[in-house]
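Here the structure comes first, spelled out in structure tokens, and everything after it is commentary.
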Protein chains: 4
Amino acid sequence: MNLIADIAIIPLGVGNSLSPYVAACERVLREAGLKTQLHANGTNVEGDWDEVMAALKRCHEVLHEMGAPRVATNMRLGTRTDKAQTMNDKIKSVEQKLDAQ
Amino acid sequence: MNLIADIAIIPLGVGNSLSPYVAACERVLREAGLKTQLHANGTNVEGDWDEVMAALKRCHEVLHEMGAPRVATNMRLGTRTDKAQTMNDKIKSVEQKLDAQ
Amino acid sequence: MNLIADIAIIPLGVGNSLSPYVAACERVLREAGLKTQLHANGTNVEGDWDEVMAALKRCHEVLHEMGAPRVATNMRLGTRTDKAQTMNDKIKSVEQKLDAQ
Amino acid sequence: MNLIADIAIIPLGVGNSLSPYVAACERVLREAGLKTQLHANGTNVEGDWDEVMAALKRCHEVLHEMGAPRVATNMRLGTRTDKAQTMNDKIKSVEQKLDAQ
């Protein structure tokens, strides 16, 4: 089952500079061979359900290893059976409607 | 790794009555032996990371089998290494602060 | 426009005990006269759109006043025009499907 | 109070092609003069709290006017008092950590 997800990971108890932790998770996702698109409030990722979820678990483990006593993630997940769709397809689909106005 | 999660699952393309689908996922979570607390905008669940995630995947599969061409989930996940904490601990912790005002 | 929302507020840069901050926001919501239902991963709130949003803004302000340099909220919002529905209606609707199994 | 938000809006009861509705909300945000960055699972927006929230309310109204009986939004909100920060600052901050590896 293919999954498009949007992961916003927040380490707690490590001060208010989160970017080293967000970067660490981004590296985990990329090293897992997943396509990622970093954005201002999270990172979008596309791949096989099990591979995305294994990488997300690894992100939590890595952030704990970096010293975060708590890790909170907010995640959006989308699966569909009617057609194949990539992250770029989703963006293009909205942009076409914007252009067609 | 223990996980406390909040799952809000939305089937798309099936009209605007979602409760049969939400109930189907709730049954999946309960049958997996996970502790759940249904609330107005999702369901909280507590358990081993892998077991929660396996049940969530099964929720997506079941909703597709029920006819939903798309399934969108919004999920909050929390892990911590500093202490053990249950869902009820989290609620009590806030209620104590409210009472102590 | 009536709104049912689920608010999960996280102060950053204040350590990893969040309950005093979550309780402060809960008080703001209650003092605004809104119906709230605290749960393990947030609080559900029901009321007029503008009143809920004014209270949420006040939550961010209060947490900053308490010393949090950053405040991150994850929120689910639902509006509907087909029928009136309360938070309890939403829960009952799912529970009926569970009982009817 | 400046706000950086990530808005994922889902109309329910209108089938499974959501892009016309997402595009309609994107137009509302842009016409409000807000900076937006569309991504695969939502749109990031930056601006004054009240202006962002007024535009979000208008998005719900517009989607109802387009025929959606229910509208569900998942939103991430971030405010900070320690320093000014734009959406691009947030992305650059993570990218610098990735490059520095």
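We label chains A, B, ... in the order they appear in the structure tokens, count residues from 1 in each chain, and number ligands from 1 in the order shown.
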Contact set, chain C to chain B: 8 Å, only C-alpha atoms, as a PDB file with C-alpha atoms, in the first residue's frame:
ATOM      1  CA  ALA C   5     -12.526  21.771  17.290  1.00  0.00           C
ATOM      2  CA  ASP C   6      -9.806  19.649  18.843  1.00  0.00           C
ATOM      3  CA  SER C  19       0.485  20.148  31.962  1.00  0.00           C
ATOM      4  CA  PRO C  20       0.584  23.613  33.633  1.00  0.00           C
ATOM      5  CA  VAL C  22      -2.310  22.833  28.916  1.00  0.00           C
ATOM      6  CA  ALA C  23      -4.300  23.609  32.074  1.00  0.00           C
ATOM      7  CA  ALA C  24      -3.871  27.357  31.518  1.00  0.00           C
ATOM      8  CA  ARG C  27      -9.053  27.611  31.813  1.00  0.00           C
ATOM      9  CA  LEU C  38     -10.362  17.286  27.882  1.00  0.00           C
ATOM     10  CA  HIS C  39      -8.793  14.088  26.533  1.00  0.00           C
ATOM     11  CA  ALA C  40      -5.391  12.434  26.586  1.00  0.00           C
ATOM     12  CA  ASN C  41      -4.050  14.238  23.527  1.00  0.00           C
ATOM     13  CA  ASN C  44     -12.360  19.191  22.284  1.00  0.00           C
ATOM     14  CA  ARG C  76      -8.758  19.823  13.960  1.00  0.00           C
ATOM     15  CA  MET C  87     -19.563  16.787  20.407  1.00  0.00           C
ATOM     16  CA  ASN C  88     -21.714  14.245  22.257  1.00  0.00           C
ATOM     17  CA  LYS C  90     -20.482  12.674  17.322  1.00  0.00           C
ATOM     18  CA  ILE C  91     -19.434  10.213  20.022  1.00  0.00           C
ATOM     19  CA  SER C  93     -23.070   8.203  16.512  1.00  0.00           C
ATOM     20  CA  VAL C  94     -19.925   6.054  16.568  1.00  0.00           C
ATOM     21  CA  GLU C  95     -20.947   4.177  19.724  1.00  0.00           C
ATOM     22  CA  LYS C  97     -22.453   1.646  15.234  1.00  0.00           C
ATOM     23  CA  LEU C  98     -20.187  -0.230  17.665  1.00  0.00           C
TER      24      LEU C  98
END
Rounded to one decimal, what separation in Å do you get between CA of Arg30 (chain D) and CA of Trp49 (chain C)?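 So the answer is 21.6 Å.
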Mind checking DSSP for chain D and telling me the alpha helix (DSSP H) residues as a PyMOL selection string? chain D and resi 19-31+49-65+87-99
In Å, how far is it from CA of Ala72 (chain C) to CA of Ile9 (chain C)?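 Atom-to-atom, CA of Ala72 (chain C) to CA of Ile9 (chain C), that is 5.9 Å.
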Run DSSP on the backbone and give me the residues of chain C it puts in strand (DSSP E or B), as a ChimeraX atom specification. /C:2-12,35-39,42-48,70-80
Let's have the selection written as a compact mmCIF listing (two decimals), in the first residue's frame, with C-alpha atoms.
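Saved file again_29.txt follows:
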# COMPACT_ATOMS: atom_id res chain seq x y z
CA ASN C 2 -20.78 26.58 14.73
CA LEU C 3 -17.40 24.92 15.19
CA ILE C 4 -16.28 21.69 16.82
CA ALA C 5 -12.53 21.77 17.29
CA ASP C 6 -9.81 19.65 18.84
CA ILE C 7 -6.93 21.69 20.22
CA ALA C 8 -3.53 20.24 21.11
CA ILE C 9 -1.29 23.05 22.34
CA ILE C 10 2.43 22.56 22.97
CA PRO C 11 4.69 25.20 24.55
CA LEU C 12 8.31 24.90 23.43
CA LYS C 35 -17.98 23.60 26.28
CA THR C 36 -14.79 21.58 26.55
CA GLN C 37 -13.93 17.89 26.79
CA LEU C 38 -10.36 17.29 27.88
CA HIS C 39 -8.79 14.09 26.53
CA GLY C 42 -5.89 17.55 23.44
CA THR C 43 -9.18 19.14 24.32
CA ASN C 44 -12.36 19.19 22.28
CA VAL C 45 -14.30 22.42 22.23
CA GLU C 46 -17.63 23.42 20.77
CA GLY C 47 -19.03 26.88 20.10
CA ASP C 48 -19.34 29.79 17.76
CA ARG C 70 7.31 29.33 21.13
CA VAL C 71 3.82 27.86 21.11
CA ALA C 72 2.79 25.19 18.60
CA THR C 73 -0.82 24.09 18.21
CA ASN C 74 -2.26 21.24 16.24
CA MET C 75 -5.95 21.70 15.64
CA ARG C 76 -8.76 19.82 13.96
CA LEU C 77 -11.74 21.94 12.93
CA GLY C 78 -15.12 20.77 11.70
CA THR C 79 -18.07 22.78 10.40
CA ARG C 80 -21.23 21.44 8.81
Just to confirm, what's the straight-line distance from CA of His64 (chain C) to CA of Glu61 (chain A) in Å (one decimal)?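 Interatomic distance, CA of His64 (chain C) to CA of Glu61 (chain A): 29.7 Å.
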